[in-house]
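What follows is the content of final-v4.tsv (TSV, C-alpha atoms).
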```tsv
chain	number	residue	atom	x	y	z
A	184	MET	CA	0.00	0.00	0.00
A	185	ARG	CA	2.80	2.36	0.95
A	186	GLN	CA	4.54	1.53	-2.34
A	187	ILE	CA	1.42	2.31	-4.32
A	188	LEU	CA	1.03	5.67	-2.60
A	189	LEU	CA	4.69	6.47	-3.17
A	190	THR	CA	4.36	5.55	-6.85
A	191	LEU	CA	1.27	7.77	-7.21
A	192	VAL	CA	3.07	10.72	-5.57
A	193	ILE	CA	6.07	10.28	-7.89
A	194	LEU	CA	3.82	9.94	-10.96
A	195	ALA	CA	1.85	13.04	-9.98
A	196	GLY	CA	5.09	14.98	-9.62
A	197	LEU	CA	6.36	13.74	-12.98
A	198	ALA	CA	3.09	14.55	-14.67
A	199	GLY	CA	3.23	18.09	-13.31
A	200	SER	CA	6.73	18.67	-14.56
A	201	ALA	CA	6.10	16.87	-17.87
A	202	PHE	CA	3.06	18.93	-18.91
A	203	GLY	CA	3.84	22.34	-17.49
A	204	GLU	CA	1.14	24.57	-16.13
A	205	THR	CA	-1.87	26.25	-17.67
A	206	ILE	CA	-2.38	29.80	-16.46
A	207	ILE	CA	-5.48	31.79	-17.31
A	208	THR	CA	-5.44	35.51	-16.70
A	209	THR	CA	-8.11	38.08	-17.47
A	210	VAL	CA	-6.90	41.35	-18.94
A	211	ASN	CA	-8.84	44.58	-18.51
A	212	GLY	CA	-8.73	46.83	-21.57
A	213	MET	CA	-8.02	44.05	-24.06
A	214	VAL	CA	-10.84	44.78	-26.49
A	215	CYS	CA	-9.33	44.38	-29.94
A	216	ALA	CA	-6.97	42.15	-31.89
A	217	PHE	CA	-4.36	44.91	-32.04
A	218	CYS	CA	-4.39	45.12	-28.25
A	219	ALA	CA	-4.09	41.36	-27.90
A	220	THR	CA	-1.11	41.09	-30.23
A	221	GLY	CA	1.18	43.00	-27.88
A	222	ILE	CA	0.22	40.86	-24.93
A	223	GLU	CA	0.56	37.63	-26.92
A	224	LYS	CA	3.98	38.56	-28.31
A	225	THR	CA	5.33	39.67	-24.94
A	226	PHE	CA	4.25	36.41	-23.27
A	227	ARG	CA	5.72	34.38	-26.14
A	228	LYS	CA	9.11	35.99	-25.53
A	229	GLN	CA	9.27	34.52	-22.01
A	230	PRO	CA	11.56	31.46	-21.88
A	231	GLU	CA	9.15	29.64	-19.52
A	232	VAL	CA	6.21	29.92	-21.93
A	233	ALA	CA	5.26	27.16	-24.38
A	234	THR	CA	1.97	28.44	-25.84
A	235	VAL	CA	-0.21	31.54	-25.62
A	236	LYS	CA	-3.83	31.73	-26.68
A	237	VAL	CA	-5.98	34.84	-26.61
A	238	ASP	CA	-9.70	34.57	-25.92
A	239	LEU	CA	-10.95	38.02	-26.87
A	240	PRO	CA	-14.66	37.61	-25.98
A	241	LYS	CA	-13.75	36.56	-22.42
A	242	LYS	CA	-10.76	38.97	-22.30
A	243	ARG	CA	-8.56	36.09	-21.20
A	244	VAL	CA	-5.06	34.99	-22.06
A	245	VAL	CA	-4.34	31.28	-21.66
A	246	ILE	CA	-0.64	30.56	-21.13
A	247	THR	CA	0.90	27.09	-21.04
A	248	THR	CA	4.36	26.88	-19.54
A	249	LYS	CA	7.09	24.50	-20.68
A	250	PRO	CA	7.45	21.26	-18.69
A	251	GLY	CA	8.92	21.96	-15.27
A	252	ASN	CA	8.41	25.71	-15.59
A	253	THR	CA	6.00	28.19	-14.09
A	254	LEU	CA	5.31	31.89	-14.30
A	255	GLY	CA	4.71	33.74	-11.04
A	256	ASP	CA	1.79	36.13	-10.49
A	257	ALA	CA	4.18	39.07	-10.16
A	258	LYS	CA	5.80	38.26	-13.52
A	259	ILE	CA	2.39	37.93	-15.22
A	260	GLN	CA	1.30	41.25	-13.76
A	261	GLU	CA	4.54	42.85	-14.92
A	262	ILE	CA	4.03	41.60	-18.50
A	263	VAL	CA	0.39	42.71	-18.66
A	264	THR	CA	1.22	46.13	-17.21
A	265	TYR	CA	4.23	46.51	-19.53
A	266	SER	CA	1.94	45.76	-22.45
A	267	GLY	CA	-0.26	48.65	-21.36
A	268	TYR	CA	-3.14	46.76	-19.73
A	269	THR	CA	-4.44	45.89	-16.30
A	270	MET	CA	-4.46	42.36	-14.97
A	271	GLY	CA	-7.62	40.80	-13.62
A	272	LYS	CA	-7.74	37.47	-11.80
A	273	ILE	CA	-5.39	34.53	-12.36
A	274	GLU	CA	-6.37	30.86	-12.40
A	275	ARG	CA	-3.89	28.00	-12.51
A	276	GLN	CA	-4.44	24.45	-13.74
A	277	LYS	CA	-1.77	21.79	-13.34
B	1348	MET	CA	20.21	79.32	-39.18
B	1349	LYS	CA	17.33	77.43	-40.72
B	1350	ILE	CA	18.79	74.09	-39.59
B	1351	SER	CA	19.33	75.20	-36.01
B	1352	TYR	CA	15.79	76.58	-35.93
B	1353	LEU	CA	14.43	73.24	-37.17
B	1354	LEU	CA	16.47	71.25	-34.66
B	1355	LEU	CA	15.20	73.42	-31.83
B	1356	LEU	CA	11.63	73.09	-33.03
B	1357	SER	CA	12.03	69.31	-33.39
B	1358	SER	CA	13.38	68.87	-29.90
B	1359	VAL	CA	10.55	70.90	-28.41
B	1360	LEU	CA	7.85	69.17	-30.39
B	1361	THR	CA	9.13	65.66	-30.14
B	1362	SER	CA	8.42	65.81	-26.44
B	1363	THR	CA	4.76	65.23	-27.21
B	1364	VAL	CA	2.52	63.02	-29.99
B	1365	ALA	CA	0.92	62.71	-34.19
B	1366	PRO	CA	-1.27	63.46	-37.19
B	1367	PRO	CA	-4.39	61.72	-38.41
B	1368	ALA	CA	-4.09	58.25	-37.03
B	1369	PRO	CA	-6.60	55.69	-38.29
B	1370	ALA	CA	-5.31	53.15	-35.78
B	1371	LYS	CA	-3.78	53.72	-32.37
B	1372	PRO	CA	-0.42	55.43	-32.86
B	1373	LEU	CA	1.42	53.02	-30.54
B	1374	SER	CA	1.77	49.28	-30.79
B	1375	TYR	CA	3.59	46.94	-28.37
B	1376	VAL	CA	7.15	47.45	-27.15
B	1377	GLY	CA	9.51	46.33	-29.91
B	1378	GLY	CA	6.73	46.53	-32.50
B	1379	THR	CA	6.91	48.45	-35.76
B	1380	MET	CA	3.79	49.88	-37.33
B	1381	VAL	CA	3.34	51.08	-40.89
B	1382	MET	CA	0.26	53.23	-41.54
B	1383	GLN	CA	-0.87	54.52	-44.89
B	1384	GLU	CA	-3.84	56.79	-45.55
B	1385	ASN	CA	-5.36	57.89	-48.83
B	1386	ASP	CA	-8.33	60.21	-48.55
B	1387	GLU	CA	-9.73	63.58	-49.59
B	1388	THR	CA	-6.96	65.37	-47.67
B	1389	GLY	CA	-4.11	63.55	-49.42
B	1390	ASN	CA	-1.75	60.61	-48.96
B	1391	THR	CA	0.00	59.90	-45.68
B	1392	LEU	CA	2.69	57.41	-44.74
B	1393	THR	CA	3.74	56.88	-41.13
B	1394	VAL	CA	6.27	54.37	-39.84
B	1395	ASP	CA	6.54	54.07	-36.05
B	1396	TYR	CA	8.65	52.00	-33.70
B	1397	THR	CA	7.31	51.56	-30.15
B	1398	PHE	CA	10.30	51.63	-27.81
B	1399	ASP	CA	8.45	52.07	-24.52
B	1400	PRO	CA	4.87	51.32	-23.37
B	1401	HIS	CA	4.20	55.06	-23.61
B	1402	PHE	CA	6.29	56.17	-26.59
B	1403	ALA	CA	6.74	55.45	-30.28
B	1404	LEU	CA	9.12	57.24	-32.58
B	1405	GLY	CA	8.68	57.36	-36.29
B	1406	LEU	CA	8.65	59.15	-39.58
B	1407	TYR	CA	5.66	61.03	-40.96
B	1408	ALA	CA	5.23	62.01	-44.60
B	1409	LYS	CA	2.18	63.51	-46.29
B	1410	ARG	CA	1.12	64.92	-49.63
B	1411	ASP	CA	-1.71	67.35	-48.96
B	1412	ILE	CA	-4.44	67.93	-51.52
B	1413	GLY	CA	-7.96	69.37	-51.45
B	1414	GLY	CA	-6.69	72.90	-50.84
B	1415	LYS	CA	-3.07	73.86	-51.25
B	1416	GLU	CA	-1.00	71.00	-52.61
B	1417	PHE	CA	2.18	70.52	-50.62
B	1418	TYR	CA	4.39	67.88	-49.03
B	1419	THR	CA	5.39	67.47	-45.39
B	1420	ILE	CA	8.02	65.17	-43.92
B	1421	GLY	CA	9.63	64.82	-40.53
B	1422	PRO	CA	10.18	62.70	-37.43
B	1423	GLN	CA	7.26	62.23	-35.10
B	1424	LEU	CA	6.88	61.17	-31.49
B	1425	ASN	CA	3.69	59.42	-30.38
B	1426	THR	CA	2.87	59.39	-26.71
B	1427	LEU	CA	0.30	57.53	-24.68
B	1428	ILE	CA	-0.75	60.30	-22.32
B	1429	LYS	CA	-3.46	58.43	-20.44
B	1430	ARG	CA	-5.15	55.04	-20.65
B	1431	TRP	CA	-8.20	53.71	-18.88
B	1432	ASN	CA	-8.39	49.91	-18.85
B	1433	LEU	CA	-11.92	48.88	-18.03
B	1434	PRO	CA	-13.42	45.39	-17.73
B	1435	GLN	CA	-15.47	45.94	-20.91
B	1436	GLY	CA	-13.53	48.65	-22.72
B	1437	GLN	CA	-10.58	50.93	-23.06
B	1438	GLY	CA	-10.13	54.68	-23.29
B	1439	ASN	CA	-6.98	56.46	-24.41
B	1440	ILE	CA	-5.53	59.87	-24.93
B	1441	PHE	CA	-2.58	59.92	-27.28
B	1442	GLY	CA	-0.41	62.82	-28.28
B	1443	MET	CA	1.46	63.10	-31.56
B	1444	THR	CA	4.05	65.71	-32.44
B	1445	GLY	CA	6.49	66.18	-35.19
B	1446	ALA	CA	8.65	68.70	-36.95
B	1447	GLY	CA	10.38	68.78	-40.27
B	1448	MET	CA	10.00	70.40	-43.66
B	1449	ALA	CA	7.09	71.38	-45.89
B	1450	ARG	CA	7.52	71.86	-49.63
B	1451	GLN	CA	5.21	73.57	-52.09
B	1452	GLY	CA	6.63	73.78	-55.58
B	1453	SER	CA	10.20	74.95	-55.01
B	1454	ASP	CA	9.38	76.67	-51.72
B	1455	ASN	CA	10.68	74.88	-48.60
B	1456	GLN	CA	9.49	75.94	-45.17
B	1457	PRO	CA	9.99	74.59	-41.65
B	1458	ALA	CA	6.96	72.63	-40.50
B	1459	ALA	CA	5.61	71.37	-37.21
B	1460	TRP	CA	2.48	69.53	-36.25
B	1461	ALA	CA	0.79	68.41	-33.05
B	1462	ALA	CA	-2.33	66.37	-32.46
B	1463	LEU	CA	-4.31	64.70	-29.73
B	1464	LEU	CA	-6.28	61.51	-30.22
B	1465	ALA	CA	-8.93	60.53	-27.68
B	1466	ASP	CA	-10.68	57.21	-28.18
B	1467	TYR	CA	-13.05	54.90	-26.38
B	1468	GLU	CA	-13.56	51.35	-27.54
B	1469	THR	CA	-15.49	48.32	-26.41
B	1470	ARG	CA	-15.93	45.10	-28.34
B	1471	ARG	CA	-19.05	46.65	-29.85
B	1472	VAL	CA	-18.56	50.45	-29.98
B	1473	PHE	CA	-15.78	52.74	-31.19
B	1474	LEU	CA	-15.57	56.52	-30.73
B	1475	SER	CA	-12.66	58.84	-31.39
B	1476	TYR	CA	-11.89	62.52	-31.67
B	1477	GLU	CA	-8.71	64.04	-32.99
B	1478	PRO	CA	-7.85	67.74	-33.15
B	1479	ARG	CA	-4.69	68.68	-35.00
B	1480	LEU	CA	-2.55	71.75	-35.52
B	1481	MET	CA	-0.33	72.20	-38.55
B	1482	TYR	CA	2.28	74.87	-38.95
B	1483	ALA	CA	4.17	75.30	-42.20
B	1484	ARG	CA	4.84	79.04	-42.08
B	1485	ASP	CA	3.68	80.60	-45.41
B	1486	ILE	CA	2.56	77.32	-46.95
B	1487	GLU	CA	-0.17	76.46	-44.47
B	1488	THR	CA	-0.98	77.09	-40.86
B	1489	SER	CA	-4.21	75.36	-39.95
B	1490	PHE	CA	-6.40	73.63	-37.42
B	1491	TRP	CA	-8.13	70.40	-38.34
B	1492	GLN	CA	-10.37	67.96	-36.49
B	1493	ARG	CA	-11.73	64.49	-37.11
B	1494	ALA	CA	-14.22	62.21	-35.34
B	1495	TYR	CA	-15.16	58.59	-35.80
B	1496	ALA	CA	-18.20	56.76	-34.42
B	1497	GLY	CA	-19.11	53.20	-35.20
B	1498	PHE	CA	-20.01	49.72	-34.11
B	1499	ALA	CA	-19.13	46.11	-34.76
B	1500	PRO	CA	-22.10	44.27	-36.32
B	1501	TYR	CA	-20.82	40.98	-34.90
B	1502	LEU	CA	-18.28	40.05	-32.26
B	1503	ALA	CA	-15.24	38.24	-33.63
B	1504	ASN	CA	-12.46	36.49	-31.78
B	1505	TYR	CA	-8.75	37.27	-31.98
B	1506	ASP	CA	-8.03	34.93	-34.89
B	1507	GLU	CA	-11.14	35.88	-36.88
B	1508	LEU	CA	-11.91	38.77	-39.20
B	1509	ASN	CA	-13.21	41.76	-37.25
B	1510	THR	CA	-15.57	44.14	-39.07
B	1511	TRP	CA	-16.69	47.63	-38.11
B	1512	LEU	CA	-19.18	50.07	-39.63
B	1513	LEU	CA	-18.29	53.69	-38.94
B	1514	ILE	CA	-18.97	57.28	-39.83
B	1515	ARG	CA	-16.05	59.68	-40.09
B	1516	VAL	CA	-16.54	63.43	-39.96
B	1517	ASP	CA	-13.71	65.76	-40.93
B	1518	HIS	CA	-13.58	69.48	-40.38
B	1519	HIS	CA	-10.62	71.08	-42.12
B	1520	PRO	CA	-11.13	74.80	-42.78
B	1521	ALA	CA	-7.93	74.99	-44.86
B	1522	LYS	CA	-9.39	72.67	-47.51
B	1523	LYS	CA	-11.93	73.48	-50.23
B	1524	ASP	CA	-14.58	71.34	-48.55
B	1525	HIS	CA	-14.65	72.31	-44.91
B	1526	PHE	CA	-16.89	69.50	-43.69
B	1527	VAL	CA	-16.60	66.01	-45.12
B	1528	VAL	CA	-18.55	62.95	-44.02
B	1529	THR	CA	-17.33	59.47	-44.93
B	1530	PRO	CA	-19.12	56.18	-44.24
B	1531	VAL	CA	-16.36	53.68	-43.50
B	1532	LEU	CA	-16.06	49.92	-43.55
B	1533	ARG	CA	-13.18	48.74	-41.36
B	1534	PHE	CA	-11.64	45.29	-41.17
B	1535	PHE	CA	-8.87	43.92	-39.07
B	1536	TYR	CA	-7.32	40.56	-38.68
B	1537	LYS	CA	-4.69	40.17	-35.98
B	1538	THR	CA	-2.07	42.76	-36.98
B	1539	ILE	CA	-3.48	43.80	-40.35
B	1540	TRP	CA	-5.98	46.61	-40.45
B	1541	LEU	CA	-7.81	48.03	-43.46
B	1542	GLU	CA	-10.56	50.59	-43.86
B	1543	ALA	CA	-12.30	51.95	-46.92
B	1544	GLY	CA	-14.95	54.56	-47.56
B	1545	TYR	CA	-16.42	57.05	-49.99
B	1546	SER	CA	-16.60	60.66	-48.84
B	1547	SER	CA	-19.38	63.23	-49.25
B	1548	ASN	CA	-17.06	65.16	-51.60
B	1549	SER	CA	-16.66	62.10	-53.84
B	1550	HIS	CA	-13.26	60.76	-52.80
B	1551	VAL	CA	-12.39	57.13	-52.27
B	1552	MET	CA	-10.70	56.55	-48.93
B	1553	VAL	CA	-8.40	53.59	-48.33
B	1554	ASN	CA	-6.33	53.36	-45.17
B	1555	TRP	CA	-4.26	50.44	-43.92
B	1556	THR	CA	-2.01	49.60	-41.01
B	1557	VAL	CA	0.32	46.66	-40.46
B	1558	GLN	CA	2.11	45.82	-37.21
B	1559	PHE	CA	5.11	43.56	-37.10
```
Go through the file and emit its structure as structure tokens.
Amino acid sequence: MRQILLTLVILAGLAGSAFGETIITTVNGMVCAFCATGIEKTFRKQPEVATVKVDLPKKRVVITTKPGNTLGDAKIQEIVTYSGYTMGKIERQK
Amino acid sequence: MKISYLLLLSSVLTSTVAPPAPAKPLSYVGGTMVMQENDETGNTLTVDYTFDPHFALGLYAKRDIGGKEFYTIGPQLNTLIKRWNLPQGQGNIFGMTGAGMARQGSDNQPAAWAALLADYETRRVFLSYEPRLMYARDIETSFWQRAYAGFAPYLANYDELNTWLLIRVDHHPAKKDHFVVTPVLRFFYKTIWLEAGYSSNSHVMVNWTVQF
């Protein structure tokens, strides 16, 4: 039983590092494709980031990090602010 | 003497923002934007590089028609003076300033221009107002203003074609037709932006912007 639990813990850890993290942040002021481009390009430049997808109707940016990487809230806020927008809430999915 | 006067004028004016801007006059940091306008007032080409979230530096060139025919060219600084990021919209005040040369026939004169652009945009509504001052000594010294109002008939996502229906009203007392109204159809897809219209004084308008 202990071995099974240990295996599950190790597998969960590996899965986390193998698939990276999905971060969803809402961006206030992101109302057009021109606005979204700046945010998308700035996130793409980050070495931790694997993919970026903009959801304009929901004013959300969905970021997937590379395996074993993450992007802190402060860094996300910095990028959004640097792009000229205001960050809303952040959700994280492992 | 003329050169030192121009340099002084440039340094004073480049501390502010730009001329008729169909799109926002700043893109993202590290982004270059090429804007071209063809309308009843002439042909304009602007190339800007955004080097800071609040500033873009570029080159402005215009051939003016519809009144006196002359050419203007010079560097221009675009500034984001104020932005309001709202959950459902965005409001901006931009400033645009430049200085350079104006040429009419063989007559060259120092030129300077300054404009403000205030806009408010949601996913459905777009409003803008832009007053502009132009100084080209004996060639033309004028005040000009432009307003846009329009709406998106459908809501498109980032990777889809966005369409807008707008009305543009121009008031330029230095031109033959002081008031001009232009119904405009605007499209944009990601970083490519195009608008076309036909003005009340029978001119075809085609403007485009590309960011890269």
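The part of chain A that reaches within 9 Å of chain B is made up of Val210, Asn211, Gly212, Met213, Val214, Cys215, Ala216, Phe217, Cys218, Ala219, Thr220, Gly221, Ile222, Lys224, Thr225, Val237, Asp238, Leu239, Pro240, Lys242, Thr264, Tyr265, Ser266, Gly267, Tyr268, Thr269 and Gly271 of chain A, counting only C-alpha atoms.
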Computed interatomic separation between CA of Val244 in chain A and CA of Tyr1396 in chain B (Å):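 Computing it gives 24.8 Å between the two atoms.
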Residues near Leu254 in chain A, cut-off 7 Å, only C-alpha atoms, skip fewer than 3 positions along chain, as a JSON list (two decimals) with C-alpha atoms, in the coordinates of the input:
```
[["chain", "number", "residue", "atom", "x", "y", "z"],
["A", 231, "GLU", "CA", 9.15, 29.64, -19.52],
["A", 258, "LYS", "CA", 5.80, 38.26, -13.52],
["A", 259, "ILE", "CA", 2.39, 37.93, -15.22]]
```
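Coordinates place CA of Arg1479 in chain B at a distance of 20.5 Å from CA of Val1553 in chain B.
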Distance criterion (all atoms listed in the file): nearest to Val263 in chain A out of A:Phe202, A:Gln186, A:Pro230, A:Thr209: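 Looking at the shortest contact to Val263 in chain A, the residue is A:Thr209.
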Selected residue of minimal separation from Lys1429 in chain B among B:Leu1480, B:Ile1412, B:Val1528, B:Tyr1467, counting only C-alpha atoms: B:Tyr1467
Nearby residues (all atoms listed in the file) at most 10 Å from Asp256 in chain A, same-chain spacing under 2 positions excluded, as an MDAnalysis selection string: chainID A and resid 206 208 253:254 258:262 270 272:274
Write out as lines of an AutoDock Vina configuration file an axis-aligned box for range 1428-1438 of chain B: all of its atoms listed in the file, 8 Å added on each side, centre and edge lengths in Å with one decimal.
```
center_x = -8.1
center_y = 52.8
center_z = -20.5
size_x = 30.7
size_y = 30.9
size_z = 21.6
```
Two-atom distance - CA of Asn1425 in chain B, CA of Pro1478 in chain B (Å):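 Rounded to one decimal, the two atoms are 14.5 Å apart.
Across B:Thr1426, B:Thr1391, B:Ser1453, B:Thr1419, the tightest approach to Glu1487 in chain B is made by B:Thr1419 when counting all atoms listed in the file.
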Taking (2.8, 72.2, -35.7) as a centre in this file's frame and 6 Å as the limit, can you find every polymer residue with an atom that close, using all atoms listed in the file, and give them as a PDB file with C-alpha atoms, in the coordinates of the input?
```
ATOM      1  CA  ALA B1459       5.610  71.370 -37.210  1.00  0.00           C
ATOM      2  CA  TRP B1460       2.480  69.530 -36.250  1.00  0.00           C
ATOM      3  CA  ALA B1461       0.790  68.410 -33.050  1.00  0.00           C
ATOM      4  CA  LEU B1480      -2.550  71.750 -35.520  1.00  0.00           C
ATOM      5  CA  MET B1481      -0.330  72.200 -38.550  1.00  0.00           C
ATOM      6  CA  TYR B1482       2.280  74.870 -38.950  1.00  0.00           C
TER       7      TYR B1482
END
```
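Residue nearest Ile207 in chain A within the list A:Lys241, A:Val232, A:Arg275, A:Lys249: A:Arg275 [criterion: smallest interatomic distance, all atoms listed in the file].
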Fewer than 2 positions away in the same chain doesn't count, so skip those; otherwise give me all residues within 8 Å of Val1551 in chain B, counting all atoms listed in the file, as a tab-separated table (two decimals) with C-alpha atoms, keeping the file's coordinate frame.
```tsv
chain	number	residue	atom	x	y	z
B	1385	ASN	CA	-5.36	57.89	-48.83
B	1386	ASP	CA	-8.33	60.21	-48.55
B	1387	GLU	CA	-9.73	63.58	-49.59
B	1543	ALA	CA	-12.30	51.95	-46.92
B	1544	GLY	CA	-14.95	54.56	-47.56
B	1545	TYR	CA	-16.42	57.05	-49.99
B	1546	SER	CA	-16.60	60.66	-48.84
B	1549	SER	CA	-16.66	62.10	-53.84
B	1553	VAL	CA	-8.40	53.59	-48.33
```
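Take the candidates B:Asn1455, B:Gln1492, B:Thr1388, B:Thr1510 and check each one against Val1472 in chain B using only C-alpha atoms; the shortest distance goes to B:Thr1510.
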Sphere at (-18.3, 51.4, -32.7), radius 6 Å, counting all atoms listed in the file: residues as a count of residues only: 7
